[in-house]
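Student: Here you go, this is my_file-v5.cif (mmCIF, C-alpha atoms).
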```cif
data_structure
loop_
_atom_site.label_atom_id
_atom_site.label_comp_id
_atom_site.auth_asym_id
_atom_site.auth_seq_id
_atom_site.Cartn_x
_atom_site.Cartn_y
_atom_site.Cartn_z
CA MET M 21 -151.57 13.88 65.82
CA ILE M 22 -151.73 17.45 67.11
CA LEU M 23 -150.46 17.81 70.65
CA PRO M 24 -151.06 20.72 73.03
CA ARG M 25 -148.08 23.09 73.15
CA SER M 26 -147.69 22.28 76.81
CA PHE M 27 -147.19 18.56 76.24
CA PRO M 28 -143.36 18.64 76.39
CA VAL M 29 -143.55 20.41 79.77
CA PHE M 30 -146.02 17.80 80.98
CA ALA M 31 -143.84 14.93 79.71
CA ILE M 32 -140.62 16.26 81.26
CA THR M 33 -142.33 17.04 84.57
CA PHE M 34 -144.07 13.67 84.61
CA ALA M 35 -140.77 11.80 84.02
CA CYS M 36 -139.07 13.66 86.88
CA ALA M 37 -141.98 13.63 89.33
CA PHE M 38 -142.85 10.01 88.69
CA ALA M 39 -139.27 8.87 89.38
CA VAL M 40 -138.91 10.98 92.54
CA LEU M 41 -142.36 10.11 93.90
CA TYR M 42 -141.86 6.43 93.16
CA PHE M 43 -138.57 6.49 95.06
CA ALA M 44 -140.26 8.22 98.00
CA ALA M 45 -143.19 5.78 97.87
CA ALA M 46 -140.84 2.78 97.90
CA ALA M 47 -138.49 4.17 100.52
CA TYR M 48 -141.23 5.28 102.93
CA ASN M 49 -143.91 2.75 101.90
CA LEU M 50 -146.49 5.24 100.67
CA ALA M 51 -148.74 2.75 98.89
CA LEU M 52 -152.23 3.82 97.91
CA PHE M 53 -153.34 0.23 98.37
CA THR M 54 -151.97 -3.12 99.50
CA TYR M 55 -152.37 -6.36 97.58
CA ASP M 56 -152.27 -9.67 99.37
CA ALA M 57 -150.76 -12.07 96.85
CA ALA M 58 -151.79 -15.11 98.88
CA THR M 59 -155.50 -14.31 98.92
CA SER M 60 -155.69 -11.92 95.89
CA GLU M 61 -157.35 -9.26 98.05
CA PHE M 62 -156.86 -5.50 97.91
CA PHE M 63 -156.79 -3.18 100.91
CA PHE M 64 -156.85 0.60 100.93
CA LEU M 65 -153.56 2.26 101.93
CA VAL M 66 -150.73 0.39 103.66
CA ARG M 67 -151.74 -2.64 105.66
CA ARG M 68 -148.99 -4.53 107.45
CA THR M 69 -150.80 -6.90 109.77
CA GLY M 70 -153.24 -9.72 109.19
CA LEU M 71 -152.04 -10.42 105.64
CA ASP M 72 -150.32 -13.55 104.38
CA LEU M 73 -148.15 -11.93 101.72
CA PRO M 74 -148.61 -8.15 101.40
CA MET M 75 -147.39 -6.51 98.18
CA TYR M 76 -147.04 -2.75 98.05
CA TRP M 77 -145.43 -2.35 94.62
CA TYR M 78 -148.71 -1.79 92.74
CA GLY M 79 -149.74 0.76 95.34
CA TRP M 80 -146.43 2.61 95.00
CA ILE M 81 -146.90 2.81 91.21
CA VAL M 82 -150.43 4.20 91.50
CA THR M 83 -149.37 6.69 94.20
CA SER M 84 -146.54 8.03 92.04
CA ALA M 85 -148.58 7.97 88.81
CA ILE M 86 -151.33 10.08 90.35
CA GLY M 87 -148.84 12.49 91.92
CA ALA M 88 -146.81 12.81 88.72
CA SER M 89 -149.93 13.39 86.63
CA VAL M 90 -151.04 16.19 88.94
CA ALA M 91 -147.54 17.71 88.88
CA GLY M 92 -147.43 17.46 85.07
CA VAL M 93 -150.81 19.12 84.63
CA ILE M 94 -149.88 21.93 87.02
CA ALA M 95 -146.52 22.43 85.27
CA SER M 96 -148.21 22.61 81.87
CA PHE M 97 -149.81 25.90 82.94
CA ILE M 98 -146.49 27.71 83.34
CA PRO M 99 -145.97 30.64 80.95
CA ASP M 100 -144.45 29.92 77.53
CA GLN M 101 -141.26 31.86 78.20
CA TRP M 102 -140.55 29.67 81.21
CA ALA M 103 -141.52 26.51 79.35
CA GLN M 104 -139.04 27.26 76.58
CA ARG M 105 -136.22 27.49 79.12
CA LEU M 106 -137.05 24.09 80.66
CA TRP M 107 -134.11 21.76 79.97
CA SER M 108 -135.36 18.64 78.19
CA GLY M 109 -132.49 16.65 79.71
CA TRP M 110 -134.27 16.57 83.08
CA SER M 111 -136.41 13.81 81.55
CA TRP M 112 -133.47 11.39 81.65
CA ALA M 113 -131.21 12.98 84.28
CA ILE M 114 -133.63 12.76 87.23
CA PRO M 115 -134.68 9.15 86.46
CA MET M 116 -130.99 8.17 86.21
CA VAL M 117 -130.31 9.77 89.60
CA VAL M 118 -133.28 7.85 91.02
CA ILE M 119 -131.89 4.62 89.56
CA LEU M 120 -128.62 5.28 91.38
CA ALA M 121 -130.55 6.14 94.54
CA PHE M 122 -132.29 2.77 94.38
CA CYS M 123 -128.88 1.08 94.14
CA TYR M 124 -127.94 2.91 97.35
CA LEU M 125 -131.28 2.15 99.02
CA LEU M 126 -130.93 -1.57 98.36
CA ARG M 127 -127.19 -1.79 99.07
CA GLY M 128 -127.92 -4.03 102.06
CA TYR M 129 -128.58 -6.93 99.71
CA PHE M 130 -125.06 -6.72 98.29
CA ILE M 131 -122.93 -5.55 101.21
CA ARG M 132 -122.57 -8.07 104.00
CA MET Q 30 -152.87 -20.09 82.55
CA SER Q 31 -149.65 -21.75 83.59
CA THR Q 32 -146.82 -19.58 84.77
CA THR Q 33 -144.42 -21.41 82.47
CA PHE Q 34 -146.42 -20.38 79.41
CA LEU Q 35 -146.63 -16.80 80.65
CA LEU Q 36 -142.88 -16.79 81.31
CA ILE Q 37 -142.19 -17.97 77.77
CA VAL Q 38 -144.41 -15.23 76.27
CA HIS Q 39 -142.81 -12.69 78.63
CA GLY Q 40 -139.38 -13.86 77.48
CA LEU Q 41 -140.31 -13.63 73.79
CA LEU Q 42 -141.65 -10.09 74.22
CA ALA Q 43 -138.47 -9.20 76.12
CA VAL Q 44 -136.31 -10.55 73.29
CA GLY Q 45 -138.18 -8.37 70.80
CA LEU Q 46 -137.81 -5.35 73.08
CA LEU Q 47 -134.13 -6.04 73.67
CA GLY Q 48 -133.50 -6.23 69.92
CA ALA Q 49 -135.46 -3.07 69.15
CA VAL Q 50 -133.93 -0.90 71.87
CA THR Q 51 -130.43 -2.19 71.12
CA HIS Q 52 -130.80 -1.38 67.43
CA GLN Q 53 -132.00 2.10 68.30
CA ALA Q 54 -129.25 2.71 70.85
CA VAL Q 55 -126.49 1.53 68.52
CA SER Q 56 -127.81 3.57 65.61
CA VAL Q 57 -128.03 6.70 67.78
CA TRP Q 58 -124.67 6.40 69.53
CA LEU Q 59 -122.68 4.86 66.64
CA PRO Q 60 -124.48 6.14 63.54
CA MET Q 61 -123.46 5.09 60.06
CA HIS Q 62 -124.53 7.46 57.34
CA GLU Q 63 -123.30 5.49 54.34
CA PRO Q 64 -124.70 2.16 53.14
CA ALA Q 65 -122.86 -0.72 54.78
CA ASN Q 66 -122.45 -4.32 53.82
CA SER Q 67 -121.27 -5.68 57.15
CA PHE Q 68 -123.60 -7.04 59.85
CA VAL Q 69 -122.51 -4.43 62.40
CA GLY Q 70 -122.65 -1.66 59.81
CA ARG Q 71 -126.24 -2.50 58.96
CA ILE Q 72 -127.22 -2.42 62.64
CA ARG Q 73 -125.57 0.99 62.96
CA GLY Q 74 -127.33 2.24 59.85
CA VAL Q 75 -130.94 1.49 60.80
CA SER Q 76 -133.50 4.26 61.11
CA ALA Q 77 -133.63 4.83 64.87
CA ALA Q 78 -136.96 6.66 64.85
CA SER Q 79 -138.75 3.72 63.26
CA TYR Q 80 -138.33 1.67 66.47
CA VAL Q 81 -140.05 4.09 68.84
CA ASN Q 82 -143.63 2.78 68.75
CA ALA Q 83 -142.49 -0.84 68.82
CA ILE Q 84 -140.28 -0.14 71.83
CA ILE Q 85 -143.11 1.58 73.73
CA ILE Q 86 -145.65 -1.15 72.96
CA LEU Q 87 -143.21 -3.95 73.78
CA TYR Q 88 -142.01 -2.22 76.97
CA VAL Q 89 -145.54 -1.69 78.30
CA SER Q 90 -146.81 -5.14 77.32
CA THR Q 91 -143.73 -6.89 78.74
CA ALA Q 92 -144.01 -4.92 81.98
CA ILE Q 93 -147.74 -5.64 82.34
CA LEU Q 94 -147.33 -9.33 81.62
CA GLY Q 95 -144.41 -9.64 84.01
CA GLY Q 96 -145.68 -7.29 86.70
CA VAL Q 97 -149.34 -8.25 86.82
CA PHE Q 98 -149.48 -11.89 85.78
CA ILE Q 99 -146.08 -13.36 86.79
CA TYR Q 100 -144.78 -11.20 89.65
CA PRO Q 101 -147.34 -12.39 92.27
CA GLU Q 102 -146.30 -15.98 91.55
CA TYR Q 103 -142.64 -14.97 92.02
CA ARG Q 104 -143.50 -13.44 95.39
CA LEU Q 105 -145.46 -16.52 96.43
CA SER Q 106 -143.28 -19.33 95.16
CA VAL Q 107 -139.79 -18.04 94.42
CA ARG Q 108 -138.81 -15.09 96.59
CA ILE Q 109 -139.78 -16.79 99.85
CA VAL Q 110 -137.54 -19.74 98.98
CA LEU Q 111 -134.67 -17.43 98.01
CA GLU Q 112 -134.99 -15.60 101.33
CA GLN Q 113 -135.13 -18.86 103.28
CA MET Q 114 -131.93 -19.92 101.49
CA ARG Q 115 -130.41 -16.52 102.34
CA LEU Q 116 -129.74 -15.80 98.65
CA ARG Q 117 -129.65 -12.05 99.14
CA VAL Q 118 -127.98 -11.04 95.87
CA PRO Q 119 -130.62 -12.60 93.57
CA VAL Q 120 -133.40 -11.05 95.65
CA GLY Q 121 -131.61 -7.69 95.52
CA ILE Q 122 -130.99 -7.65 91.80
CA PHE Q 123 -134.61 -8.59 91.17
CA ASP Q 124 -135.81 -5.79 93.46
CA LEU Q 125 -133.63 -3.42 91.44
CA LYS Q 126 -135.21 -4.78 88.27
CA GLU Q 127 -138.74 -4.01 89.46
CA HIS Q 128 -137.73 -0.47 90.47
CA PHE Q 129 -135.78 0.23 87.25
CA VAL Q 130 -138.65 -0.98 85.07
CA THR Q 131 -141.08 1.24 86.96
CA VAL Q 132 -138.85 4.29 86.56
CA GLY Q 133 -138.64 3.43 82.84
CA LEU Q 134 -142.43 3.49 82.56
CA GLY Q 135 -142.39 7.07 83.76
CA ILE Q 136 -140.05 8.30 81.05
CA LEU Q 137 -142.04 6.78 78.16
CA PRO Q 138 -144.18 9.91 77.49
CA ALA Q 139 -141.04 12.07 77.20
CA TYR Q 140 -139.30 9.39 75.13
CA TRP Q 141 -142.26 9.26 72.75
CA TYR Q 142 -142.45 13.03 72.47
CA PHE Q 143 -138.77 13.66 71.75
CA TRP Q 144 -138.70 10.90 69.11
CA ARG Q 145 -141.75 12.30 67.25
CA GLN Q 146 -141.26 13.12 63.59
CA PRO Q 147 -139.93 15.52 62.43
CA LEU Q 148 -137.02 15.14 64.85
CA ALA Q 149 -135.86 18.40 66.40
CA ASP Q 150 -132.11 18.89 66.06
CA ASP Q 151 -131.79 20.63 69.42
CA HIS Q 152 -133.13 17.55 71.26
CA PHE Q 153 -130.66 15.07 69.77
CA ARG Q 154 -128.78 14.56 73.03
CA THR Q 155 -132.03 14.14 75.01
CA ARG Q 156 -133.22 11.49 72.55
CA ALA Q 157 -129.91 9.67 72.73
CA LEU Q 158 -129.85 9.65 76.53
CA LEU Q 159 -133.51 8.65 76.89
CA THR Q 160 -132.77 5.73 74.59
CA ALA Q 161 -129.62 4.87 76.56
CA THR Q 162 -131.60 4.94 79.82
CA LEU Q 163 -134.25 2.62 78.41
CA ALA Q 164 -131.58 0.35 76.91
CA PHE Q 165 -129.85 0.06 80.29
CA ILE Q 166 -133.15 -0.78 82.03
CA VAL Q 167 -134.11 -3.35 79.39
CA TRP Q 168 -130.68 -5.04 79.40
CA TRP Q 169 -130.59 -5.14 83.21
CA SER Q 170 -134.11 -6.57 83.36
CA PHE Q 171 -133.46 -9.13 80.66
CA LEU Q 172 -130.28 -10.42 82.28
CA VAL Q 173 -131.73 -10.47 85.80
CA GLY Q 174 -134.85 -12.26 84.60
CA HIS Q 175 -132.65 -14.79 82.82
CA ILE Q 176 -130.50 -15.33 85.94
CA LEU Q 177 -133.50 -15.73 88.25
CA ASN Q 178 -135.13 -18.09 85.79
CA ASN Q 179 -132.03 -20.27 85.78
CA MET Q 180 -131.01 -19.99 89.43
CA ARG Q 181 -130.14 -23.61 89.88
CA GLY Q 182 -128.00 -23.68 86.77
CA PHE Q 183 -126.07 -20.61 87.87
CA GLY Q 184 -125.59 -22.07 91.35
CA LEU Q 185 -126.03 -18.70 93.03
#
```
Please rewrite the model in this file as structure tokens.

Tutor:
Amino acid sequence: MILPRSFPVFAITFACAFAVLYFAAAAYNLALFTYDAATSEFFFLVRRTGLDLPMYWYGWIVTSAIGASVAGVIASFIPDQWAQRLWSGWSWAIPMVVILAFCYLLRGYFIR
Amino acid sequence: MSTTFLLIVHGLLAVGLLGAVTHQAVSVWLPMHEPANSFVGRIRGVSAASYVNAIIILYVSTAILGGVFIYPEYRLSVRIVLEQMRLRVPVGIFDLKEHFVTVGLGILPAYWYFWRQPLADDHFRTRALLTATLAFIVWWSFLVGHILNNMRGFGL
């Protein structure tokens, strides 16, 4: 399979942006849609009232996937000399920081 | 389809994923370059790159099965009961599981790219740490899923 030369930039940017946007979406409830698990209905954007069991997780994933895809495509247009200097380690470092941030965000479950 | 059947399939996929990512992580972090006769030596000596596609397919299929087909049932039938019983730690570790798995989905394109053949020498550390990140997520998810599935037995 022949990949575009910009694919590594896209992949690194996507990994970082997806993790950061997903954290922001979960922390600030930026769901693109709401799913009511009790009635299996979907609602556009965040809906808090009038639902039996609202689920935002799917909406957070779609929000961050769209945002990360856009960021990755934009980043893939950067000049080659900049792309070659992009550290590949961002692809694991930022997601690991986000994992730690989630531990902090949810600390209330573990600290009484 | 019954949730029990889906849970069993989800568990079987997770076992396959756990084995694949563990083999890859061990062979990357504790490589063995000479033929070995011992059990551990053979695990260390496997070809790490050969697991990449299996890990991606198993990760995505396990996440879809769990997240789309089982998770709503957990929210409807399990989480509400856990919250009513004030079992905050199990709810918290499961919330962490859902977030970790989602973050893991986002690194799969980079993981796939850096493990493409021929392997670039200058990305060895990136490959190793991407694998370690995925291995951590998979182990956490497997253990949390196991604990939640056996809540009464653990007495949490």

Student: When the PyMOL selection byres ((chain M) within 6 of (chain Q)) is applied to the file above, which residues end up in the set, as a PyMOL selection string?

Tutor: chain M and resi 31-32+35+38-39+57+109+112+129-130

Student: Those selected residues, please, written with C-alpha atoms and delivered as a PDB file, keeping the file's coordinate frame.

Tutor:
```
ATOM      1  CA  ALA M  31    -143.840  14.930  79.710  1.00  0.00           C
ATOM      2  CA  ILE M  32    -140.620  16.260  81.260  1.00  0.00           C
ATOM      3  CA  ALA M  35    -140.770  11.800  84.020  1.00  0.00           C
ATOM      4  CA  PHE M  38    -142.850  10.010  88.690  1.00  0.00           C
ATOM      5  CA  ALA M  39    -139.270   8.870  89.380  1.00  0.00           C
ATOM      6  CA  ALA M  57    -150.760 -12.070  96.850  1.00  0.00           C
ATOM      7  CA  GLY M 109    -132.490  16.650  79.710  1.00  0.00           C
ATOM      8  CA  TRP M 112    -133.470  11.390  81.650  1.00  0.00           C
ATOM      9  CA  TYR M 129    -128.580  -6.930  99.710  1.00  0.00           C
ATOM     10  CA  PHE M 130    -125.060  -6.720  98.290  1.00  0.00           C
TER      11      PHE M 130
END
```

Student: Find the spatial neighbours of Phe34 (chain Q), counting all atoms listed in the file, within a cut-off of 12 Å - ignore same-chain residues fewer than 6 positions away - and output them as a list of chain:residue names.

Tutor: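 These residues fall inside the cut-off: Q:Gly40, Q:Leu41, Q:Leu94, Q:Gly95, Q:Phe98, Q:Ile99.
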
Student: Distance CA of Ser31 (chain Q)-CA of Ser106 (chain Q), one decimal place?

Tutor: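 Interatomic distance here is 13.4 Å.
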
Student: Kindly resolve the PyMOL selection byres ((chain M and resi 43) around 12) on the present coordinates and return the residues as JSON, numbers by chain.

Tutor: {"M": [36, 37, 38, 39, 40, 41, 42, 44, 45, 46, 47, 48, 49, 50, 51, 77, 80, 81, 83, 84, 85, 114, 115, 116, 117, 118, 119, 120, 121, 122, 123, 124, 125, 126], "Q": [125, 127, 128, 129, 131, 132, 135]}

Student: Work out how far CA of Ile176 (chain Q) is from CA of Ser90 (chain Q), in Å to one decimal.

Tutor: 21.1 Å

Student: Excluding Tyr78 (chain M) and residues on its chain fewer than 5 positions from it, collect all residues at most 8 Å away from it, counting only C-alpha atoms, and give them as a count of residues only.

Tutor: 4

Student: Return the single residue from Q:Ser79, Q:Arg145, Q:Tyr88, Q:Gly70 that is closest to Met21 (chain M), with distances computed using all atoms listed in the file.

Tutor: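 Of the candidates, the smallest distance to Met21 (chain M) is held by Q:Arg145.
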
Student: Could you please give me, as a VMD selection string, the residues of protein, DNA or RNA lying at most 12 Å from (-125.4, -1.9, 63.0) in the coordinate frame of the file, considering all atoms listed in the file?

Tutor: chain Q and resid 48 to 49 51 to 77

Student: Hey, can you check how far CA of Asp150 (chain Q) sits from CA of Ala103 (chain M)?

Tutor: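 For CA of Asp150 (chain Q) relative to CA of Ala103 (chain M), the distance reads 18.0 Å.
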
Student: Of the candidates Q:Ala78, Q:Trp169, Q:Val89, Q:Gln113, which shows the shortest atom-to-atom distance to Phe153 (chain Q), using only C-alpha atoms?

Tutor: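 Checking each candidate against Phe153 (chain Q), we get Q:Ala78 as the closest.
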
Student: At a cut-off of 10 Å, using all atoms listed in the file, what residues contact Leu106 (chain M)? Leave out same-chain residues fewer than 3 positions from it and give the result as a PDB file with C-alpha atoms, in the frame of the given file.

Tutor:
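selection-v9.pdb was written with the following content:
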```pdb
ATOM      1  CA  PRO M  28    -143.360  18.640  76.390  1.00  0.00           C
ATOM      2  CA  VAL M  29    -143.550  20.410  79.770  1.00  0.00           C
ATOM      3  CA  ILE M  32    -140.620  16.260  81.260  1.00  0.00           C
ATOM      4  CA  THR M  33    -142.330  17.040  84.570  1.00  0.00           C
ATOM      5  CA  ASP M 100    -144.450  29.920  77.530  1.00  0.00           C
ATOM      6  CA  GLN M 101    -141.260  31.860  78.200  1.00  0.00           C
ATOM      7  CA  TRP M 102    -140.550  29.670  81.210  1.00  0.00           C
ATOM      8  CA  ALA M 103    -141.520  26.510  79.350  1.00  0.00           C
ATOM      9  CA  GLY M 109    -132.490  16.650  79.710  1.00  0.00           C
ATOM     10  CA  TRP M 110    -134.270  16.570  83.080  1.00  0.00           C
TER      11      TRP M 110
END
```

Student: List the residues selected by the PyMOL selection byres ((chain M and resi 59) around 10) in the file shown, writing them as JSON, numbers by chain.

Tutor: {"M": [55, 56, 57, 58, 60, 61, 62, 71, 72, 73, 74]}

Student: Would you write out those residues with C-alpha atoms, as a PDB file, in the frame of the given file?

Tutor:
```pdb
ATOM      1  CA  TYR M  55    -152.370  -6.360  97.580  1.00  0.00           C
ATOM      2  CA  ASP M  56    -152.270  -9.670  99.370  1.00  0.00           C
ATOM      3  CA  ALA M  57    -150.760 -12.070  96.850  1.00  0.00           C
ATOM      4  CA  ALA M  58    -151.790 -15.110  98.880  1.00  0.00           C
ATOM      5  CA  SER M  60    -155.690 -11.920  95.890  1.00  0.00           C
ATOM      6  CA  GLU M  61    -157.350  -9.260  98.050  1.00  0.00           C
ATOM      7  CA  PHE M  62    -156.860  -5.500  97.910  1.00  0.00           C
ATOM      8  CA  LEU M  71    -152.040 -10.420 105.640  1.00  0.00           C
ATOM      9  CA  ASP M  72    -150.320 -13.550 104.380  1.00  0.00           C
ATOM     10  CA  LEU M  73    -148.150 -11.930 101.720  1.00  0.00           C
ATOM     11  CA  PRO M  74    -148.610  -8.150 101.400  1.00  0.00           C
TER      12      PRO M  74
END
```

Student: Enclose the full set of atoms of region 141-152 of chain Q listed in the file within a box whose edges lie along x, y and z, apply 8 Å of padding to each of the six sides, and report centre and edge lengths in Å to one decimal as AutoDock Vina command-line options.

Tutor:
```
--center_x -137.1 --center_y 14.9 --center_z 67.6 --size_x 26.7 --size_y 27.4 --size_z 26.3
```
